[in-house]
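Student: Here's a structure for you.
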Amino acid sequence: MRARNVLYLMLREVGIGLALVLMIVVFSVLAPRFASMANLTNILAQISINTVIAVGMTFVILLGGIDLSVGSVLALATIVGGLVISREDLSPGTGILLSIVASTLVGCLCGLFNGLVCERWKIHSFIVTLGMLNIARGAALQISNSRTIFSFPDAFNEVGSATVVGVPVIFLMALAIVLAGRFVLARTIFGRMIYAIGNNEEAVRLSGHVPAYYKVAAFTVCGGMVGLAAIMYMMRLNIASPILGVGFELNAIAAVVIGGTSMSGGKGSMVGTFLGASIIGVLSNGLLLLGIGDFARQIITGFIIVIAVIIDKYRMRALATAALAPVSADHDAGAAARP
Amino acid sequence: MNAGGAVVPEAIIELQGVTKRFPGVLALDRVDLAVRRGEVHVLVGQNGAGKSTLVKLLCGNYLADEGSMVLDGAPFAPRGALAAIRAGIRIVYQEINLLPYLSVAENIYFQRLPTRGGLVDFRRLEADAEVLLREVGLDVAPGALVETLGVAQMQLVEIAKALSSRSKVLILDEPTAALTPKEIGRLFGILARLKDRGVTIVYISHRLQEVFEIGDRITVLRNGRKVDTVTAGEATIPQIVRLMVGREMGTEYPFRADVALGAECLRVDGLQPQGARHAVSFALHRGELLGIAGLVGSGRTEAVRALFGADPRAAGRIWRDGREVAIRRPRDAVRAGICLLTEDRKAQGLILDLPCYANITITDLHRVARAGLLQAGAEHAAAEALVQELSIKTPSVDQLVANLSGGNQQKVVIAKWLFRQAEVLIFDEPTRGIDVGARFEIYALLGRLAAAGKAILLVSSDLPELMGICHRILVFSNGRITGDLPRAEFSEERILACAFQDYLGSPSAADPGQAQAPART
């Protein structure tokens with residue numbers, strides 16, 4: 001039974017993976033430059049930031065929430081991190097370390113605020129994080145005087161373009177974060193509670209837990225991920241700017257949803273999110289190489305997101321009918337909810 | 001059931017041999033019923049007697065498995081609510097089903113708004129609504145938002161809505177539950193006028209007093225069967241109660257006479273759920289199976305939910321093993337060793353899309369974790385042990401609970417609280433919707449738990465069940481405890497008398513301070 005569940009799970013993720021592979025094959029054939037080492041390295045670097053944000057977003061969406069503020073919070077975190085790192089009185093090593101801490105802390109605090117307001121006043125996260133979207137953007141502009149910050153230490157800037165056998169270092173960082181996220185969801189009490197609350201919050205409450213604690217924690221984790229993404233983005237761009245990250249929330253949500261996580265919560269996986277982010281990255285890069293214009297690319301990407309959700313609906317319906325099928329408890333409609 | 005006299009009024013609804021089955025339950029068993037044109041026909045019976053199933057057949061919510069229905073001389077088997085409405089049957093449910101942010105007139109004619117050139121003809125809408133509002137004696141502007149009305153006024157809007165389509169038959173399901181005595185009096189006046197106009201009324205109520213006031217004839221249902229139809233003027237309340245109770249077949253319940261009661265385990269003093277008018281107090285001992293009887297809506301569920309901290313309470317103190325505990329939310333209760341197995345296990349007890357093991361261990365994840373990391377082996381072993389102990393039928397603990405039968409789902413809920421090692425177990429209707437075999441397994445399990453020194457509170461609408469396995473029964477009536485019966489004094493008549501006590505319209509002798517009983521007019 002367990003073996004079958006695992007198989008089922010793999011098939012689910014393989015389904016998304018298969019779409020990704022298919023896309024890569026098609027682009028490789030149509031656009032000769034697509035499969036070049038340089039381009040692949042480029043794609044990996046491009047998807048890293050979105051992947052890290054989407055990992056945080058997965059926690060929130062698994063609880064049935066949403067975080068629209070990630071793009072703005074990213075900008076604010078780069079500004080705070082950038083101000084710390086560019087201080088003359090700090091040695092480069094200390095500066096880098098402190099800026100990582102500061103940037104992550106800013107993200108966590110914004111997430112904490114989102115979570116606390118949502119839970120204390122029982123307001124939907126859509127509206128609370130919409131507020132934070134404006135608050136963080138405004139704060140970033142205010143603090144920086146709407147100026148771009150640069151002249152970071154060389155060691156810091158070099159990480160952004162460094163590769164290990166063709167794989168960008170920041171991609172390796174993103175991958176490590178995905179694996180850590182997967183581990184948390186699959187193996188820890190916190191992860192179990194996320195799935196349980198996403199499926200049936202009232203049952204969890206009546207089991208003697210306080211769901212609000214976990215929900216606030218999930219928003220805080222999401223903010224922390226945005227803080228880390230901000231550092232990685234600064235490594236890549238070598239600047240900090242209050243106008244960074246506009247629209248990033250949409251790419252992160254799209255990655256999570258394409259990855260098979262249900263917007264109503266309780267179902268989804270970290271690996272799915274990673275594959276979703278990869279699909280978006282490959283699609284955008286491939287279409288560019290095919291010479292398709294910005295506008296058309298946007299149209300196609302939009303359709304892909306809608307189609308992914310439609311496919312997900314069909315899968316859900318198939319699961320539901322399987323779950324309702326008379327007794328014969330021996331089929332595995334199951335495991336849908338498991339990491 | 002024709003009286004066989006010379007002038008037999010023609011029946012508008014006739015049921016013959018109507019049977020309705022649900023998995024494991026025979027909800028209606030060959031019911032014959034005749035409702036005469038223009039009468040007020042009352043349906044009474046205990047919880048689960050089949051009243052609502054019968055009404056749902058008439059309203060097109062269910063299809064009968066066997067038997068035939070005739071409406072106004074023509075065969076009648078509505079598929080869906082709309083078909084029943086077209087045939088002339090309208091129902092007013094106990095709960096209000098109005099759209100709060102639309103006007104009274106829009107609500108009344110919601111299904112078929114009058115139009116003119118594709119747009120809603122508001123002038124005609126309000127004029128038509130005005131006529132109906134006058135008919136039901138409701139003095140509000142047709143354009144007023146429903147949101148601004150009181151409950152009684154909403155109830156009247158529901159009735160106006162039901163009358164909007166020239167219904168022949170109006171069904172009212174416990175319409176007075178939320179009304180004050182004065183409002184009930186007005187409602188009865190309106191029903192009398194409707195009756196004069198030739199509308200047939202089918203009326204369902206728990207309040208026997210008002211049943212006699214409004215009804216022409218009374219049909220008693222019990223366990224899905226029709227017991228009798230009597231003329232209201234010739235019947236008495238004790239007679240109706242006797243018909244409702246009937247003679248039960250002697251089923252063997254596994255009562256554990258050998259269990260000796262231990263120390264006091266739980267004491268509740270002056271517990272008053274938020275919004276309740278009365279407080280309750282009682283004590284529970286180790287090894288005791290204490291039943292809570294009462295009609296639906298008598299405050300049993302509200303009391304145990306407030307005790308558990310699931311809903312807020314206005315007042316009340318709670319002691320566990322002699323020590324006072326502060327319970328503000330379920331977590332506090334669980335930490336004090338108290339657990340609640342809710343009435344609605346699918347929505348509140350289980351996480352359907354998670355596997356069995358995750359549902360069982362959720363009450364105490366730290367026991368199968370080390371430093372926040374779940375130990376899969378320990379977790380599975382713990383769950384498997386409980387699955388064995390309770391003989392839960394599932395191919396493996398990895399199975400999603402959604403795929404288990406009702407009885408096995410209930411056992412998973414029990415397993416999760418055994419995993420937590422709760423000392424006080426509160427069961428709210430644990431056998432509802434569960435087939436007979438699994439029921440008796442659950443009874444035996446309750447006995448075993450009590451014998452092992454747990455204290456058990458059992459809320460149930462199934463009197464034979466309560467009388468079969470409990471040491472003592474508390475009877476709730478209208479939010480108060482009106483009876484505390486030791487096993488030697490168990491009888492259905494006695495329990496039902498207590499259960500109806502606060503609904504009978506006379507101030508309770510036991511509590512003269514609480515004068516106003518709701519059924520008085």
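By convention in this document, the chains of the structure tokens carry letters A, B, ... by their order, each chain's residues are numbered from 1, and ligands are numbered from 1 in the order they are shown.
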How would you write, as an MDAnalysis selection string, the set of residues in range 47-148 of chain B that DSSP gives as alpha helix (DSSP H)?
Tutor: chainID B and resid 51:58 81:87 104:108 122:135
Student: At most 7 Å is the cut-off: for each residue in chain B with any atom that close to an atom of chain A, write down the nearest atom pair and the distance in Å rounded to one decimal, counting only C-alpha atoms, chain first then increasing number, as a tab-separated table.
Tutor:
residue	atom	partner	partner_atom	distance
B:Ala310	CA	A:Leu206	CA	6.7
B:Pro330	CA	A:Gly208	CA	5.0
B:Arg331	CA	A:Gly208	CA	3.8
B:Val334	CA	A:Gly208	CA	5.5
B:Ala347	CA	A:Ala203	CA	6.9
B:Gln348	CA	A:Ala203	CA	4.3
B:Gly349	CA	A:Ala203	CA	5.1
B:Leu350	CA	A:Ala203	CA	6.0
B:Ile351	CA	A:Asn200	CA	5.7
B:Asp353	CA	A:Ala337	CA	6.1
B:Leu354	CA	A:Ala337	CA	6.2
B:Thr363	CA	A:Ser207	CA	5.4
B:Leu365	CA	A:Ile189	CA	6.7
B:Gly372	CA	A:Ile189	CA	5.6
B:Leu373	CA	A:Thr188	CA	4.4
B:Leu374	CA	A:Thr188	CA	5.3
B:Thr394	CA	A:Ala329	CA	6.7
B:Pro395	CA	A:Asp330	CA	6.4
B:Asp398	CA	A:Arg2	CA	6.6
B:Gln399	CA	A:Gly334	CA	7.0
B:Leu400	CA	A:Gly334	CA	5.9
B:Ala402	CA	A:Ala323	CA	6.5
B:Asn403	CA	A:Ala323	CA	5.7
B:Leu404	CA	A:Ala329	CA	6.7
B:Ser405	CA	A:Val327	CA	6.9
Student: Selection from above, N, CA and C atoms, as a compact mmCIF listing (two decimals), in the first residue's frame, can you write it?
Tutor:
# COMPACT_ATOMS: atom_id res chain seq x y z
N ALA B 310 -14.97 24.52 22.78
CA ALA B 310 -15.13 24.66 21.33
C ALA B 310 -15.91 25.92 20.99
N PRO B 330 -10.27 24.59 22.94
CA PRO B 330 -10.13 23.13 22.99
C PRO B 330 -8.77 22.68 23.53
N ARG B 331 -7.72 23.44 23.24
CA ARG B 331 -6.40 23.01 23.68
C ARG B 331 -6.35 22.86 25.20
N VAL B 334 -8.13 19.65 26.19
CA VAL B 334 -7.33 18.47 25.84
C VAL B 334 -6.18 18.30 26.84
N ALA B 347 -16.95 16.75 9.29
CA ALA B 347 -16.55 18.15 9.21
C ALA B 347 -15.66 18.55 10.38
N GLN B 348 -15.82 17.88 11.54
CA GLN B 348 -15.13 18.38 12.72
C GLN B 348 -14.22 17.37 13.39
N GLY B 349 -14.38 16.10 13.07
CA GLY B 349 -13.60 15.11 13.79
C GLY B 349 -12.43 14.58 12.98
N LEU B 350 -12.57 14.58 11.66
CA LEU B 350 -11.58 13.91 10.84
C LEU B 350 -11.00 14.86 9.79
N ILE B 351 -9.80 14.50 9.35
CA ILE B 351 -9.22 15.19 8.22
C ILE B 351 -9.26 14.17 7.09
N ASP B 353 -8.84 13.81 3.93
CA ASP B 353 -7.84 13.55 2.90
C ASP B 353 -6.47 13.23 3.46
N LEU B 354 -6.39 12.99 4.76
CA LEU B 354 -5.13 12.50 5.32
C LEU B 354 -5.32 11.04 5.70
N THR B 363 -3.57 14.21 17.72
CA THR B 363 -3.87 14.72 19.05
C THR B 363 -2.62 14.84 19.92
N LEU B 365 1.17 14.75 18.57
CA LEU B 365 2.26 14.44 17.64
C LEU B 365 3.62 14.35 18.34
N GLY B 372 10.86 17.70 17.11
CA GLY B 372 10.04 18.25 16.03
C GLY B 372 10.01 17.41 14.78
N LEU B 373 10.84 16.34 14.73
CA LEU B 373 10.87 15.47 13.55
C LEU B 373 9.99 14.24 13.81
N LEU B 374 9.06 14.01 12.88
CA LEU B 374 8.19 12.85 13.03
C LEU B 374 8.97 11.57 12.79
N THR B 394 -9.48 -1.53 7.87
CA THR B 394 -8.81 -0.76 6.82
C THR B 394 -7.64 -1.59 6.34
N PRO B 395 -7.38 -1.54 5.04
CA PRO B 395 -6.27 -2.36 4.52
C PRO B 395 -4.93 -1.97 5.12
N ASP B 398 -2.21 3.55 6.15
CA ASP B 398 -1.94 4.58 5.15
C ASP B 398 -3.18 4.97 4.37
N GLN B 399 -4.25 4.20 4.56
CA GLN B 399 -5.48 4.48 3.84
C GLN B 399 -6.03 5.86 4.24
N LEU B 400 -6.55 6.60 3.26
CA LEU B 400 -7.20 7.87 3.60
C LEU B 400 -8.49 7.57 4.36
N ALA B 402 -11.15 9.12 4.26
CA ALA B 402 -12.30 9.36 3.38
C ALA B 402 -12.81 8.04 2.81
N ASN B 403 -11.93 7.06 2.68
CA ASN B 403 -12.32 5.80 2.04
C ASN B 403 -12.88 4.77 3.01
N LEU B 404 -12.96 5.11 4.29
CA LEU B 404 -13.48 4.14 5.26
C LEU B 404 -15.00 4.31 5.41
N SER B 405 -15.65 3.26 5.93
CA SER B 405 -17.09 3.34 6.19
C SER B 405 -17.34 4.21 7.41
Student: Could you give me, as a ChimeraX atom specification, the residues within 7 Å of range 41-57 of chain A, counting only C-alpha atoms and dropping anything in the same chain fewer than 5 positions from it?
Tutor: /A:67,166-168,170-171,174,177-178,181,221-222,225-226,229,232-233,251-253,255-256,270,273-274,277-278,281-282,285
Student: Would you mind exporting N, CA and C atoms of the selected residues as a CSV table (one decimal), in the first residue's frame?
Tutor:
chain,number,residue,atom,x,y,z
A,67,ASP,N,-0.1,35.2,-0.5
A,67,ASP,CA,0.7,36.3,-0.1
A,67,ASP,C,1.0,37.2,-1.3
A,166,GLY,N,29.1,24.5,-14.5
A,166,GLY,CA,28.0,25.0,-15.4
A,166,GLY,C,26.7,25.3,-14.6
A,167,VAL,N,26.7,24.9,-13.3
A,167,VAL,CA,25.5,25.1,-12.6
A,167,VAL,C,25.7,26.4,-11.7
A,168,PRO,N,24.8,27.3,-11.8
A,168,PRO,CA,25.0,28.6,-11.1
A,168,PRO,C,24.9,28.3,-9.6
A,170,ILE,N,23.8,30.2,-7.3
A,170,ILE,CA,22.5,30.6,-6.7
A,170,ILE,C,21.4,29.6,-7.0
A,171,PHE,N,21.6,28.9,-8.1
A,171,PHE,CA,20.6,27.8,-8.3
A,171,PHE,C,20.8,26.7,-7.3
A,174,ALA,N,19.0,27.7,-4.3
A,174,ALA,CA,17.6,27.6,-4.4
A,174,ALA,C,17.2,26.1,-4.3
A,177,ILE,N,17.2,25.1,-0.8
A,177,ILE,CA,16.0,25.6,-0.1
A,177,ILE,C,14.7,24.8,-0.4
A,178,VAL,N,14.6,24.3,-1.7
A,178,VAL,CA,13.5,23.5,-2.1
A,178,VAL,C,13.6,22.2,-1.2
A,181,GLY,N,12.6,22.8,2.3
A,181,GLY,CA,11.2,22.9,2.3
A,181,GLY,C,10.4,21.6,2.3
A,221,VAL,N,7.5,32.3,7.7
A,221,VAL,CA,8.4,31.5,6.9
A,221,VAL,C,8.5,32.1,5.5
A,222,CYS,N,7.3,32.3,4.9
A,222,CYS,CA,7.2,32.9,3.6
A,222,CYS,C,8.0,34.2,3.5
A,225,MET,N,11.7,33.5,3.4
A,225,MET,CA,12.1,33.0,2.1
A,225,MET,C,12.3,34.2,1.2
A,226,VAL,N,11.4,35.2,1.2
A,226,VAL,CA,11.5,36.4,0.4
A,226,VAL,C,12.8,37.1,0.8
A,229,ALA,N,15.5,35.3,-0.9
A,229,ALA,CA,15.5,35.6,-2.3
A,229,ALA,C,16.0,37.0,-2.6
A,232,MET,N,19.8,36.8,-2.8
A,232,MET,CA,20.2,36.2,-4.0
A,232,MET,C,20.0,37.1,-5.2
A,233,TYR,N,18.9,37.9,-5.2
A,233,TYR,CA,18.7,38.8,-6.3
A,233,TYR,C,19.8,39.9,-6.3
A,251,ASN,N,4.3,35.5,-10.5
A,251,ASN,CA,5.1,34.3,-11.0
A,251,ASN,C,5.2,33.3,-9.9
A,252,ALA,N,5.3,33.7,-8.6
A,252,ALA,CA,5.4,32.7,-7.5
A,252,ALA,C,4.1,31.9,-7.4
A,253,ILE,N,3.0,32.7,-7.4
A,253,ILE,CA,1.7,32.0,-7.3
A,253,ILE,C,1.5,31.0,-8.5
A,255,ALA,N,3.8,29.5,-10.2
A,255,ALA,CA,4.7,28.3,-10.0
A,255,ALA,C,4.0,27.3,-9.1
A,256,VAL,N,3.5,27.8,-8.0
A,256,VAL,CA,2.8,26.9,-7.0
A,256,VAL,C,1.6,26.2,-7.6
A,270,MET,N,6.3,20.4,-2.5
A,270,MET,CA,7.4,21.3,-2.7
A,270,MET,C,8.1,21.0,-4.1
A,273,THR,N,6.1,22.5,-6.8
A,273,THR,CA,6.4,23.9,-6.9
A,273,THR,C,7.7,24.2,-7.7
A,274,PHE,N,8.7,23.4,-7.4
A,274,PHE,CA,10.0,23.6,-8.1
A,274,PHE,C,9.8,23.3,-9.6
A,277,ALA,N,8.0,26.3,-11.1
A,277,ALA,CA,8.9,27.4,-11.4
A,277,ALA,C,9.7,27.1,-12.6
A,278,SER,N,10.2,25.9,-12.8
A,278,SER,CA,11.0,25.5,-13.9
A,278,SER,C,10.2,25.7,-15.2
A,281,GLY,N,10.0,29.3,-16.2
A,281,GLY,CA,11.3,29.8,-16.6
A,281,GLY,C,11.7,29.3,-18.0
A,282,VAL,N,11.5,28.0,-18.3
A,282,VAL,CA,11.8,27.4,-19.6
A,282,VAL,C,10.9,28.0,-20.6
A,285,ASN,N,12.0,31.6,-21.4
A,285,ASN,CA,13.3,31.6,-22.2
A,285,ASN,C,13.1,31.0,-23.6
Student: Please provide the set of residues having any atom within 6 Å of range 419-429 of chain B, restricted to only C-alpha atoms, with same-chain residues fewer than 3 positions apart removed, written as an MDAnalysis selection string.
Tutor: chainID B and resid 337:343 363:364 416 432 454:460
Student: One decimal, Å: what's the distance from CA of Arg166 in chain B over to CA of Ile184 in chain B, could you say?
Tutor: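 Those two atoms sit 23.4 Å apart.
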Student: Excluding range 95-98 of chain A and residues on its chain fewer than 2 positions from it, collect all residues at most 10 Å away from it, counting only C-alpha atoms, and give them as an MDAnalysis selection string.
Tutor: chainID A and resid 81:93 100:104 152:153 155:156 231
Student: Save the residues we just selected, N, CA and C atoms, as a CSV table (one decimal), in the first residue's frame?
Tutor:
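part-v1.csv written:
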chain,number,residue,atom,x,y,z
A,81,GLY,N,19.0,45.3,3.3
A,81,GLY,CA,20.2,44.5,3.1
A,81,GLY,C,21.3,45.3,2.4
A,82,GLY,N,20.9,46.1,1.4
A,82,GLY,CA,21.9,46.9,0.7
A,82,GLY,C,22.5,48.0,1.5
A,83,LEU,N,21.6,48.6,2.4
A,83,LEU,CA,22.1,49.7,3.2
A,83,LEU,C,23.1,49.1,4.2
A,84,VAL,N,22.9,47.9,4.7
A,84,VAL,CA,23.8,47.3,5.7
A,84,VAL,C,25.1,47.0,5.0
A,85,ILE,N,25.0,46.3,3.9
A,85,ILE,CA,26.2,45.8,3.2
A,85,ILE,C,27.1,46.9,2.7
A,86,SER,N,26.5,48.1,2.3
A,86,SER,CA,27.4,49.1,1.7
A,86,SER,C,27.9,50.1,2.8
A,87,ARG,N,27.7,49.7,4.0
A,87,ARG,CA,28.3,50.6,5.1
A,87,ARG,C,29.8,50.5,5.1
A,88,GLU,N,30.4,51.7,5.1
A,88,GLU,CA,31.9,51.8,5.0
A,88,GLU,C,32.6,51.2,6.3
A,89,ASP,N,31.9,51.3,7.4
A,89,ASP,CA,32.5,51.0,8.7
A,89,ASP,C,32.6,49.5,9.0
A,90,LEU,N,32.0,48.7,8.0
A,90,LEU,CA,32.0,47.2,8.3
A,90,LEU,C,32.9,46.6,7.3
A,91,SER,N,33.6,45.5,7.8
A,91,SER,CA,34.4,44.8,6.9
A,91,SER,C,33.5,44.0,5.9
A,92,PRO,N,34.0,43.7,4.7
A,92,PRO,CA,33.2,43.0,3.7
A,92,PRO,C,32.5,41.8,4.3
A,93,GLY,N,33.2,40.9,5.0
A,93,GLY,CA,32.7,39.7,5.6
A,93,GLY,C,31.5,40.0,6.5
A,100,ILE,N,22.7,39.6,5.2
A,100,ILE,CA,21.8,38.4,5.0
A,100,ILE,C,20.8,38.4,6.2
A,101,VAL,N,21.4,38.6,7.4
A,101,VAL,CA,20.5,38.6,8.6
A,101,VAL,C,19.4,39.6,8.5
A,102,ALA,N,19.8,40.9,8.2
A,102,ALA,CA,18.9,42.0,8.1
A,102,ALA,C,17.8,41.7,7.1
A,103,SER,N,18.2,41.3,6.0
A,103,SER,CA,17.3,41.1,4.9
A,103,SER,C,16.2,40.0,5.2
A,104,THR,N,16.7,38.9,5.8
A,104,THR,CA,15.8,37.8,6.2
A,104,THR,C,14.9,38.3,7.3
A,152,PHE,N,28.6,47.0,-3.9
A,152,PHE,CA,28.7,45.9,-2.9
A,152,PHE,C,30.1,45.3,-3.0
A,153,PRO,N,30.5,44.6,-1.9
A,153,PRO,CA,31.8,43.9,-2.0
A,153,PRO,C,31.9,43.0,-3.2
A,155,ALA,N,33.3,40.1,-3.4
A,155,ALA,CA,33.0,38.7,-3.0
A,155,ALA,C,31.5,38.4,-3.1
A,156,PHE,N,30.7,39.4,-2.7
A,156,PHE,CA,29.3,39.3,-2.7
A,156,PHE,C,28.7,39.2,-4.2
A,231,ILE,N,18.4,38.6,-1.0
A,231,ILE,CA,19.9,38.5,-1.0
A,231,ILE,C,20.4,37.9,-2.3
Student: Nearest to Leu105 in chain A: which of A:Pro242, A:Gly302, A:Gly291, A:Gly224 is it, counting only C-alpha atoms?
Tutor: A:Gly224
Student: Please measure the separation of CA of Leu133 in chain B and CA of Lys56 in chain B, giving the value in Å to one decimal.
Tutor: 26.7 Å
Student: Skipping near chain neighbours, those fewer than 2 positions away, what residues fall within 9 Å of Leu156 in chain B using only C-alpha atoms, listed as a PyMOL selection string?
Tutor: chain B and resi 133+136-138+151-154+158-161+187
Student: Only N, CA and C atoms, please: the residues just picked out, written as a tab-separated table (two decimals), in the first residue's frame.
Tutor:
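Produced file part39.tsv, reproduced below:
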chain	number	residue	atom	x	y	z
B	133	LEU	N	-47.76	40.27	1.50
B	133	LEU	CA	-47.36	40.68	2.85
B	133	LEU	C	-48.60	40.97	3.69
B	136	VAL	N	-50.12	37.69	4.88
B	136	VAL	CA	-49.50	37.04	6.04
B	136	VAL	C	-49.39	37.99	7.24
B	137	GLY	N	-49.95	39.19	7.08
B	137	GLY	CA	-49.98	40.11	8.21
B	137	GLY	C	-48.62	40.67	8.59
B	138	LEU	N	-47.79	40.88	7.61
B	138	LEU	CA	-46.46	41.43	7.91
B	138	LEU	C	-46.43	42.88	7.46
B	151	VAL	N	-36.17	37.92	13.31
B	151	VAL	CA	-36.32	36.51	12.92
B	151	VAL	C	-37.78	36.17	12.60
B	152	ALA	N	-38.70	36.66	13.45
B	152	ALA	CA	-40.11	36.33	13.23
B	152	ALA	C	-40.58	36.91	11.91
B	153	GLN	N	-40.14	38.13	11.62
B	153	GLN	CA	-40.54	38.74	10.35
B	153	GLN	C	-39.98	37.96	9.17
B	154	MET	N	-38.74	37.50	9.31
B	154	MET	CA	-38.16	36.68	8.23
B	154	MET	C	-38.98	35.42	8.03
B	158	GLU	N	-40.72	34.12	4.65
B	158	GLU	CA	-40.64	32.75	4.11
B	158	GLU	C	-42.03	32.24	3.75
B	159	ILE	N	-42.98	32.51	4.63
B	159	ILE	CA	-44.33	32.01	4.36
B	159	ILE	C	-44.93	32.74	3.16
B	160	ALA	N	-44.71	34.04	3.09
B	160	ALA	CA	-45.19	34.80	1.94
B	160	ALA	C	-44.58	34.26	0.65
B	161	LYS	N	-43.32	33.92	0.73
B	161	LYS	CA	-42.61	33.36	-0.42
B	161	LYS	C	-43.26	32.04	-0.82
B	187	LEU	N	-48.52	33.96	14.26
B	187	LEU	CA	-48.33	32.95	13.21
B	187	LEU	C	-49.56	32.05	13.12
Student: Show which residues sit within 12 Å of Phe500 in chain B, as a ChimeraX atom specification. Count only C-alpha atoms, and ignore same-chain residues fewer than 3 positions away.
Tutor: /B:46,205-209,237-238,241,293-298,475-483,492-497,503-506,508,517-519
Student: Store the residues picked out above in a file with C-alpha atoms, as a PDB file, in the first residue's frame.
Tutor:
ATOM      1  CA  GLN B  46     -39.129  11.392  18.299  1.00  0.00           C
ATOM      2  CA  SER B 205     -43.379  20.351  15.757  1.00  0.00           C
ATOM      3  CA  HIS B 206     -41.858  19.052  18.939  1.00  0.00           C
ATOM      4  CA  ARG B 207     -44.042  21.305  21.029  1.00  0.00           C
ATOM      5  CA  LEU B 208     -47.033  19.164  21.836  1.00  0.00           C
ATOM      6  CA  GLN B 209     -48.966  22.030  23.355  1.00  0.00           C
ATOM      7  CA  ILE B 237     -50.836  14.784  25.408  1.00  0.00           C
ATOM      8  CA  PRO B 238     -50.099  11.624  27.442  1.00  0.00           C
ATOM      9  CA  VAL B 241     -46.438  10.615  24.138  1.00  0.00           C
ATOM     10  CA  ALA B 293     -31.003  12.880  26.680  1.00  0.00           C
ATOM     11  CA  GLY B 294     -33.178  15.604  25.237  1.00  0.00           C
ATOM     12  CA  LEU B 295     -34.789  16.813  22.068  1.00  0.00           C
ATOM     13  CA  VAL B 296     -32.759  18.199  19.218  1.00  0.00           C
ATOM     14  CA  GLY B 297     -32.166  21.832  20.087  1.00  0.00           C
ATOM     15  CA  SER B 298     -32.526  21.320  23.830  1.00  0.00           C
ATOM     16  CA  VAL B 475     -32.383  15.028  30.596  1.00  0.00           C
ATOM     17  CA  PHE B 476     -32.108  18.424  28.928  1.00  0.00           C
ATOM     18  CA  SER B 477     -35.169  20.457  28.121  1.00  0.00           C
ATOM     19  CA  ASN B 478     -34.980  23.909  26.602  1.00  0.00           C
ATOM     20  CA  GLY B 479     -31.443  24.441  27.885  1.00  0.00           C
ATOM     21  CA  ARG B 480     -31.982  23.204  31.449  1.00  0.00           C
ATOM     22  CA  ILE B 481     -31.461  19.863  33.132  1.00  0.00           C
ATOM     23  CA  THR B 482     -34.974  18.698  34.011  1.00  0.00           C
ATOM     24  CA  GLY B 483     -34.132  15.169  35.048  1.00  0.00           C
ATOM     25  CA  GLU B 492     -38.925   6.105  28.159  1.00  0.00           C
ATOM     26  CA  GLU B 493     -42.078   7.753  29.495  1.00  0.00           C
ATOM     27  CA  ARG B 494     -40.145   9.292  32.329  1.00  0.00           C
ATOM     28  CA  ILE B 495     -37.337  10.561  30.132  1.00  0.00           C
ATOM     29  CA  LEU B 496     -39.657  11.952  27.487  1.00  0.00           C
ATOM     30  CA  ALA B 497     -41.773  13.646  30.140  1.00  0.00           C
ATOM     31  CA  TYR B 503     -41.858  22.887  26.151  1.00  0.00           C
ATOM     32  CA  LEU B 504     -45.285  22.047  27.554  1.00  0.00           C
ATOM     33  CA  GLY B 505     -46.318  25.595  28.212  1.00  0.00           C
ATOM     34  CA  SER B 506     -46.709  25.532  31.971  1.00  0.00           C
ATOM     35  CA  SER B 508     -41.821  24.340  35.513  1.00  0.00           C
ATOM     36  CA  ALA B 517     -41.949  28.755  28.565  1.00  0.00           C
ATOM     37  CA  PRO B 518     -41.875  29.372  24.857  1.00  0.00           C
ATOM     38  CA  ALA B 519     -44.931  27.449  23.715  1.00  0.00           C
TER      39      ALA B 519
END
Student: Point out the residue among A:Ala35, A:Ala218, A:Val169, A:Leu76 with the least atom-to-atom distance to Gln142 in chain A, counting only C-alpha atoms.
Tutor: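 Smallest distance to Gln142 in chain A is found for A:Leu76.
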Student: Using Å and a single decimal, report how far CA of Leu179 in chain B sits from CA of Val35 in chain B.
Tutor: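 Those two atoms sit 26.4 Å apart.
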Student: Which is closer to Gln410 in chain B than all the others in B:Arg313, B:Arg345, B:Arg116, B:Arg448, using only C-alpha atoms?
Tutor: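 Smallest separation from Gln410 in chain B among the options: B:Arg345.
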